[in-house]
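Asks: Next up is a structure, given as structure tokens.
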Amino acid sequence: MIYVLGSINYDMSLELERIPKKGETLSADGLTVGLGGKGANQAVAIARLGTRSDKGGSPVSLIGHVGKDSIGAELIKRLGELNVNSEFVRQVNRPTGTAVVTVTGKDNRIMVYAGANATISKTDVDEALEHATGADTLLCQLEVPLYVVAYAMRKARSIGMTTILNPAPAKELPDDLYYNSDIIIPNETEAQILTGINPRDFDSQCAAMDAFHERGVRYVVITLGDKGAVVSDGGKMVAHIPPYKVKAVDTTGAGDTFVGALALTYPHIGMYSFMEACGFATRAAAITVSRRGAAESIPTFDEVCALYSNVIKN
Ligand code: RIB
């Protein structure tokens, strides 16, 4: 089982020709509303990519909070429809987390109100991980309280679980969060904030990855948007993963798709290579970029596989 500790938001995404100036009112060209939040998006990615029609059951449990309001109830219902186990999602007396997203061209800007996400506690983690074992994985981001994330990763490591950190949005992290992470997956901006190194070319990307290794992280993946990703195991393997080119419509949720896809495949490294896992995650994220919205734009396993058949056919 993969446990995702993270945010659940109601996303309102406005498609705009440009960002309005101060004092200006601008008509939007389109509106997409629905399930979002980095935690929820990553859980949906794992469910969509990891659900096998012959096996049933959900491969992922989300640990999170929504409000005791109709939107909170609606988001829990949608998580269930997308095959995310939401038995550890609680409704609390705070408004459901909300994100306002502006999409201009293929670029997005996101403003988030944490609401119920800010009330997640160590007790939620203890309840959810009560029956977890060393065969399970914990995946965290940083849209819920940092001390709870640090506690969860420490606990997961003590159980022997695989631990994955997507440090988004970036903030200063305690040392133990690094050395309790088997794998860290920042984007370029987050890597720069956390290491002080701008990963603008392969040399600086390697230096940034080394900075994470020095803090005790085993595998580092820096996602580079439409330039692909770089990966390192701190030893023999350092590589650039090329992008899978698509026409970008909305990049919201693309990073979450990549992270979810990697969380799904990483524990099986050995059956296939880390590079192959990153290639799969890159393709999954490319499909997300070609659609509007956050959770709803994430592809299924079959849709990602179809990209491989296209490559072979061509
Ligand atoms: O990573 C994209 C997500 O960030 C959006 O769905 C939004 O809710 C914010 O959490």
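Residues are referred to by chain and number: the chain letter is A, B, ... according to the order shown in the structure tokens, the number counts from 1 in that chain, and ligands are numbered separately from 1 in the order shown.
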Extract, using only C-alpha atoms, all DNA, RNA and protein residues at most 12 Å from stretch 46-50 of chain A, discarding same-chain residues fewer than 5 positions from it, and format them as a count of residues only.

Replies: 53

Asks: Restrict the calculation to only C-alpha atoms and all ligand atoms, then for each residue of chain A with any atom at most 10 Å from an atom of ligand 1 give the closest atom pair and their distance in Å to one decimal, rows by chain and rising residue number, as a Markdown table.

Replies:
```
| residue | atom | partner | partner_atom_place_in_ligand_line | distance |
| --- | --- | --- | --- | --- |
| A:Gly6 | CA | ligand 1 | 10 (O) | 9.3 |
| A:Ser7 | CA | ligand 1 | 10 (O) | 6.7 |
| A:Ile8 | CA | ligand 1 | 8 (O) | 7.0 |
| A:Asn9 | CA | ligand 1 | 8 (O) | 4.9 |
| A:Tyr10 | CA | ligand 1 | 8 (O) | 6.6 |
| A:Asp11 | CA | ligand 1 | 8 (O) | 5.3 |
| A:Met12 | CA | ligand 1 | 8 (O) | 8.5 |
| A:Ser13 | CA | ligand 1 | 6 (O) | 9.2 |
| A:Gly34 | CA | ligand 1 | 6 (O) | 8.9 |
| A:Leu35 | CA | ligand 1 | 6 (O) | 7.1 |
| A:Gly36 | CA | ligand 1 | 6 (O) | 3.6 |
| A:Gly37 | CA | ligand 1 | 8 (O) | 3.4 |
| A:Lys38 | CA | ligand 1 | 10 (O) | 4.6 |
| A:Gly39 | CA | ligand 1 | 10 (O) | 7.6 |
| A:Ala40 | CA | ligand 1 | 6 (O) | 7.9 |
| A:Asn41 | CA | ligand 1 | 6 (O) | 6.5 |
| A:Gln42 | CA | ligand 1 | 1 (O) | 8.7 |
| A:Gly97 | CA | ligand 1 | 8 (O) | 7.9 |
| A:Thr98 | CA | ligand 1 | 8 (O) | 6.7 |
| A:Ala99 | CA | ligand 1 | 8 (O) | 4.8 |
| A:Val100 | CA | ligand 1 | 7 (C) | 7.6 |
| A:Val101 | CA | ligand 1 | 7 (C) | 7.3 |
| A:Asn108 | CA | ligand 1 | 2 (C) | 9.4 |
| A:Arg109 | CA | ligand 1 | 4 (O) | 9.3 |
| A:Ile110 | CA | ligand 1 | 9 (C) | 6.4 |
| A:Met111 | CA | ligand 1 | 9 (C) | 7.5 |
| A:Val112 | CA | ligand 1 | 9 (C) | 6.3 |
| A:Tyr113 | CA | ligand 1 | 8 (O) | 9.0 |
| A:Ala114 | CA | ligand 1 | 10 (O) | 8.8 |
| A:Gln141 | CA | ligand 1 | 10 (O) | 9.7 |
| A:Leu142 | CA | ligand 1 | 10 (O) | 9.6 |
| A:Glu143 | CA | ligand 1 | 10 (O) | 7.0 |
| A:Ala168 | CA | ligand 1 | 1 (O) | 8.0 |
| A:Pro169 | CA | ligand 1 | 4 (O) | 8.5 |
| A:Thr251 | CA | ligand 1 | 2 (C) | 8.6 |
| A:Thr252 | CA | ligand 1 | 2 (C) | 5.2 |
| A:Gly253 | CA | ligand 1 | 2 (C) | 4.5 |
| A:Ala254 | CA | ligand 1 | 1 (O) | 7.3 |
| A:Gly255 | CA | ligand 1 | 1 (O) | 6.4 |
| A:Asp256 | CA | ligand 1 | 1 (O) | 5.7 |
| A:Thr257 | CA | ligand 1 | 1 (O) | 8.9 |
| A:Gly293 | CA | ligand 1 | 6 (O) | 7.8 |
| A:Ala294 | CA | ligand 1 | 6 (O) | 5.0 |
| A:Ala295 | CA | ligand 1 | 6 (O) | 6.9 |
| A:Glu296 | CA | ligand 1 | 6 (O) | 9.9 |
```

Asks: At what distance in Å, to one decimal, does atom CA of A:Leu129 lie from atom CA of A:Ala152?

Replies: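 Pair atom CA of A:Ala152 / atom CA of A:Leu129 returns 8.8 Å.
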
Asks: Which residues, written as JSON, numbers by chain, have at least one atom at most 12 Å from A:Cys206, with only C-alpha atoms counted and residues fewer than 4 positions away on the same chain left out?

Replies: {"A": [191, 195, 197, 198, 199, 200, 201, 202, 210, 211, 212, 213, 220, 221, 222, 229, 230, 231, 232, 233, 234, 235, 237, 238, 239, 240]}

Asks: Write out as an mmCIF file with all heavy atoms, in the first residue's frame the set of residues from stretch 68-119 of chain A that DSSP, computed on the backbone, places in strand (DSSP E).

Replies:
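To be explicit, this is the file written out as part.cif:
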```cif
data_model
loop_
_atom_site.group_PDB
_atom_site.id
_atom_site.type_symbol
_atom_site.label_atom_id
_atom_site.label_comp_id
_atom_site.auth_asym_id
_atom_site.auth_seq_id
_atom_site.Cartn_x
_atom_site.Cartn_y
_atom_site.Cartn_z
ATOM 1 N N ASN A 85 -8.402 5.181 -1.670
ATOM 2 C CA ASN A 85 -8.977 4.823 -0.371
ATOM 3 C C ASN A 85 -8.982 6.077 0.519
ATOM 4 O O ASN A 85 -7.932 6.631 0.826
ATOM 5 C CB ASN A 85 -8.146 3.708 0.271
ATOM 6 C CG ASN A 85 -8.637 3.368 1.675
ATOM 7 O OD1 ASN A 85 -9.750 3.747 2.062
ATOM 8 N ND2 ASN A 85 -7.827 2.669 2.442
ATOM 9 N N SER A 86 -10.183 6.506 0.930
ATOM 10 C CA SER A 86 -10.258 7.748 1.720
ATOM 11 C C SER A 86 -10.705 7.488 3.162
ATOM 12 O O SER A 86 -11.234 8.382 3.811
ATOM 13 C CB SER A 86 -11.169 8.759 1.027
ATOM 14 O OG SER A 86 -12.422 8.190 0.794
ATOM 15 N N GLU A 87 -10.436 6.262 3.659
ATOM 16 C CA GLU A 87 -10.849 5.986 5.048
ATOM 17 C C GLU A 87 -10.078 6.845 6.056
ATOM 18 O O GLU A 87 -10.542 7.041 7.177
ATOM 19 C CB GLU A 87 -10.725 4.485 5.381
ATOM 20 C CG GLU A 87 -9.320 3.991 5.605
ATOM 21 C CD GLU A 87 -9.245 2.512 5.985
ATOM 22 O OE1 GLU A 87 -9.586 2.164 7.122
ATOM 23 O OE2 GLU A 87 -8.828 1.728 5.107
ATOM 24 N N PHE A 88 -8.906 7.389 5.657
ATOM 25 C CA PHE A 88 -8.140 8.251 6.566
ATOM 26 C C PHE A 88 -8.271 9.739 6.203
ATOM 27 O O PHE A 88 -7.445 10.559 6.587
ATOM 28 C CB PHE A 88 -6.671 7.833 6.590
ATOM 29 C CG PHE A 88 -6.486 6.387 6.970
ATOM 30 C CD1 PHE A 88 -5.946 5.479 6.065
ATOM 31 C CD2 PHE A 88 -6.897 5.926 8.214
ATOM 32 C CE1 PHE A 88 -5.795 4.141 6.404
ATOM 33 C CE2 PHE A 88 -6.761 4.596 8.558
ATOM 34 C CZ PHE A 88 -6.212 3.688 7.653
ATOM 35 N N VAL A 89 -9.303 10.071 5.435
ATOM 36 C CA VAL A 89 -9.610 11.479 5.160
ATOM 37 C C VAL A 89 -10.746 11.876 6.101
ATOM 38 O O VAL A 89 -11.810 11.270 6.085
ATOM 39 C CB VAL A 89 -10.050 11.691 3.688
ATOM 40 C CG1 VAL A 89 -10.475 13.138 3.474
ATOM 41 C CG2 VAL A 89 -8.914 11.322 2.736
ATOM 42 N N ARG A 90 -10.479 12.892 6.944
ATOM 43 C CA ARG A 90 -11.485 13.308 7.931
ATOM 44 C C ARG A 90 -12.080 14.663 7.559
ATOM 45 O O ARG A 90 -11.408 15.510 6.966
ATOM 46 C CB ARG A 90 -10.842 13.414 9.321
ATOM 47 C CG ARG A 90 -10.548 12.057 9.932
ATOM 48 C CD ARG A 90 -10.556 12.096 11.448
ATOM 49 N NE ARG A 90 -9.530 12.976 11.991
ATOM 50 C CZ ARG A 90 -9.777 13.960 12.860
ATOM 51 N NH1 ARG A 90 -11.010 14.207 13.263
ATOM 52 N NH2 ARG A 90 -8.790 14.693 13.323
ATOM 53 N N GLN A 91 -13.333 14.841 7.931
ATOM 54 C CA GLN A 91 -13.981 16.151 7.760
ATOM 55 C C GLN A 91 -13.888 16.910 9.078
ATOM 56 O O GLN A 91 -14.264 16.375 10.122
ATOM 57 C CB GLN A 91 -15.437 15.975 7.344
ATOM 58 C CG GLN A 91 -15.577 15.542 5.884
ATOM 59 C CD GLN A 91 -17.019 15.590 5.410
ATOM 60 O OE1 GLN A 91 -17.762 14.640 5.612
ATOM 61 N NE2 GLN A 91 -17.408 16.688 4.781
ATOM 62 N N VAL A 92 -13.355 18.120 9.045
ATOM 63 C CA VAL A 92 -13.133 18.904 10.268
ATOM 64 C C VAL A 92 -13.821 20.269 10.159
ATOM 65 O O VAL A 92 -14.241 20.680 9.071
ATOM 66 C CB VAL A 92 -11.613 19.112 10.534
ATOM 67 C CG1 VAL A 92 -10.903 17.787 10.731
ATOM 68 C CG2 VAL A 92 -10.960 19.892 9.393
ATOM 69 N N GLY A 97 -9.757 23.191 1.942
ATOM 70 C CA GLY A 97 -8.656 23.891 1.268
ATOM 71 C C GLY A 97 -9.071 24.290 -0.140
ATOM 72 O O GLY A 97 -9.771 23.524 -0.821
ATOM 73 N N THR A 98 -8.648 25.469 -0.548
ATOM 74 C CA THR A 98 -9.095 25.990 -1.848
ATOM 75 C C THR A 98 -7.909 26.573 -2.608
ATOM 76 O O THR A 98 -7.065 27.248 -2.017
ATOM 77 C CB THR A 98 -10.159 27.099 -1.630
ATOM 78 O OG1 THR A 98 -11.233 26.526 -0.871
ATOM 79 C CG2 THR A 98 -10.696 27.631 -2.940
ATOM 80 N N ALA A 99 -7.852 26.286 -3.888
ATOM 81 C CA ALA A 99 -6.785 26.851 -4.732
ATOM 82 C C ALA A 99 -7.407 27.612 -5.890
ATOM 83 O O ALA A 99 -8.344 27.121 -6.526
ATOM 84 C CB ALA A 99 -5.887 25.737 -5.259
ATOM 85 N N VAL A 100 -6.896 28.802 -6.138
ATOM 86 C CA VAL A 100 -7.293 29.565 -7.319
ATOM 87 C C VAL A 100 -6.111 29.493 -8.284
ATOM 88 O O VAL A 100 -4.991 29.867 -7.933
ATOM 89 C CB VAL A 100 -7.615 31.033 -6.962
ATOM 90 C CG1 VAL A 100 -7.921 31.836 -8.229
ATOM 91 C CG2 VAL A 100 -8.796 31.085 -5.996
ATOM 92 N N VAL A 101 -6.381 28.951 -9.459
ATOM 93 C CA VAL A 101 -5.320 28.741 -10.450
ATOM 94 C C VAL A 101 -5.603 29.640 -11.647
ATOM 95 O O VAL A 101 -6.739 29.706 -12.120
ATOM 96 C CB VAL A 101 -5.303 27.264 -10.922
ATOM 97 C CG1 VAL A 101 -4.147 27.007 -11.889
ATOM 98 C CG2 VAL A 101 -5.241 26.309 -9.737
ATOM 99 N N THR A 102 -4.591 30.364 -12.113
ATOM 100 C CA THR A 102 -4.758 31.091 -13.374
ATOM 101 C C THR A 102 -3.877 30.413 -14.418
ATOM 102 O O THR A 102 -2.724 30.086 -14.149
ATOM 103 C CB THR A 102 -4.353 32.577 -13.250
ATOM 104 O OG1 THR A 102 -2.972 32.649 -12.879
ATOM 105 C CG2 THR A 102 -5.209 33.305 -12.233
ATOM 106 N N VAL A 103 -4.469 30.174 -15.576
ATOM 107 C CA VAL A 103 -3.711 29.552 -16.666
ATOM 108 C C VAL A 103 -3.656 30.542 -17.823
ATOM 109 O O VAL A 103 -4.687 30.924 -18.382
ATOM 110 C CB VAL A 103 -4.381 28.230 -17.136
ATOM 111 C CG1 VAL A 103 -3.578 27.582 -18.256
ATOM 112 C CG2 VAL A 103 -4.551 27.272 -15.966
ATOM 113 N N THR A 104 -2.452 30.999 -18.134
ATOM 114 C CA THR A 104 -2.252 31.904 -19.278
ATOM 115 C C THR A 104 -1.282 31.208 -20.225
ATOM 116 O O THR A 104 -0.161 30.916 -19.844
ATOM 117 C CB THR A 104 -1.644 33.248 -18.816
ATOM 118 O OG1 THR A 104 -0.547 32.975 -17.957
ATOM 119 C CG2 THR A 104 -2.648 34.112 -18.087
ATOM 120 N N ASP A 107 1.264 28.428 -18.976
ATOM 121 C CA ASP A 107 1.789 28.700 -17.627
ATOM 122 C C ASP A 107 0.662 28.819 -16.610
ATOM 123 O O ASP A 107 -0.411 29.328 -16.920
ATOM 124 C CB ASP A 107 2.585 30.009 -17.625
ATOM 125 C CG ASP A 107 3.756 29.940 -18.578
ATOM 126 O OD1 ASP A 107 4.356 28.855 -18.680
ATOM 127 O OD2 ASP A 107 4.044 30.953 -19.239
ATOM 128 N N ASN A 108 0.965 28.369 -15.390
ATOM 129 C CA ASN A 108 -0.045 28.558 -14.346
ATOM 130 C C ASN A 108 0.530 29.315 -13.157
ATOM 131 O O ASN A 108 1.738 29.387 -12.958
ATOM 132 C CB ASN A 108 -0.660 27.214 -13.924
ATOM 133 C CG ASN A 108 0.329 26.297 -13.244
ATOM 134 O OD1 ASN A 108 1.346 26.727 -12.729
ATOM 135 N ND2 ASN A 108 0.030 25.019 -13.248
ATOM 136 N N ARG A 109 -0.371 29.927 -12.399
ATOM 137 C CA ARG A 109 -0.031 30.554 -11.124
ATOM 138 C C ARG A 109 -1.055 30.032 -10.140
ATOM 139 O O ARG A 109 -2.250 29.982 -10.465
ATOM 140 C CB ARG A 109 -0.123 32.081 -11.214
ATOM 141 C CG ARG A 109 0.974 32.703 -12.034
ATOM 142 C CD ARG A 109 0.752 34.199 -12.203
ATOM 143 N NE ARG A 109 1.890 34.819 -12.863
ATOM 144 C CZ ARG A 109 2.145 34.760 -14.168
ATOM 145 N NH1 ARG A 109 1.328 34.106 -14.959
ATOM 146 N NH2 ARG A 109 3.212 35.347 -14.675
ATOM 147 N N ILE A 110 -0.603 29.626 -8.943
ATOM 148 C CA ILE A 110 -1.530 28.995 -7.999
ATOM 149 C C ILE A 110 -1.499 29.729 -6.668
ATOM 150 O O ILE A 110 -0.430 29.973 -6.104
ATOM 151 C CB ILE A 110 -1.157 27.505 -7.784
ATOM 152 C CG1 ILE A 110 -1.105 26.763 -9.135
ATOM 153 C CG2 ILE A 110 -2.168 26.835 -6.851
ATOM 154 C CD1 ILE A 110 -0.762 25.283 -9.046
ATOM 155 N N MET A 111 -2.689 30.086 -6.174
ATOM 156 C CA MET A 111 -2.820 30.695 -4.843
ATOM 157 C C MET A 111 -3.636 29.740 -3.992
ATOM 158 O O MET A 111 -4.718 29.313 -4.422
ATOM 159 C CB MET A 111 -3.531 32.048 -4.949
ATOM 160 C CG MET A 111 -2.680 33.092 -5.665
ATOM 161 S SD MET A 111 -3.670 34.230 -6.651
ATOM 162 C CE MET A 111 -3.916 33.279 -8.148
ATOM 163 N N VAL A 112 -3.117 29.385 -2.821
ATOM 164 C CA VAL A 112 -3.769 28.339 -2.020
ATOM 165 C C VAL A 112 -4.174 28.854 -0.648
ATOM 166 O O VAL A 112 -3.384 29.516 0.041
ATOM 167 C CB VAL A 112 -2.815 27.134 -1.827
ATOM 168 C CG1 VAL A 112 -3.504 26.029 -1.047
ATOM 169 C CG2 VAL A 112 -2.355 26.586 -3.168
ATOM 170 N N TYR A 113 -5.400 28.525 -0.249
ATOM 171 C CA TYR A 113 -5.839 28.727 1.137
ATOM 172 C C TYR A 113 -5.863 27.336 1.780
ATOM 173 O O TYR A 113 -6.613 26.454 1.338
ATOM 174 C CB TYR A 113 -7.235 29.371 1.164
ATOM 175 C CG TYR A 113 -7.828 29.384 2.545
ATOM 176 C CD1 TYR A 113 -7.254 30.153 3.572
ATOM 177 C CD2 TYR A 113 -8.931 28.597 2.865
ATOM 178 C CE1 TYR A 113 -7.769 30.129 4.854
ATOM 179 C CE2 TYR A 113 -9.463 28.571 4.140
ATOM 180 C CZ TYR A 113 -8.878 29.346 5.129
ATOM 181 O OH TYR A 113 -9.383 29.318 6.403
#
```

Asks: I'd like to know which of A:Pro145, A:Ile193, A:Thr162, A:Ile241 is closest to A:Arg218, using only C-alpha atoms.

Replies: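 Going through A:Pro145, A:Ile193, A:Thr162, A:Ile241 one by one, the smallest distance to A:Arg218 is for A:Thr162.
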
Asks: Please give the complete set of residues from stretch 157-302 of chain A that DSSP, run on the backbone, assigns to alpha helix (DSSP H), formatted as a ChimeraX atom specification.

Replies: /A:157-159,175-179,188-195,202-214,254-265,274-289,301-302

Asks: Between A:Val289, A:Val44, A:Ile19, A:Leu138, which is the closest to A:Ile159 once you count only C-alpha atoms?

Replies: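 Checking each of A:Val289, A:Val44, A:Ile19, A:Leu138 against A:Ile159, counting only C-alpha atoms, the winner is A:Leu138.
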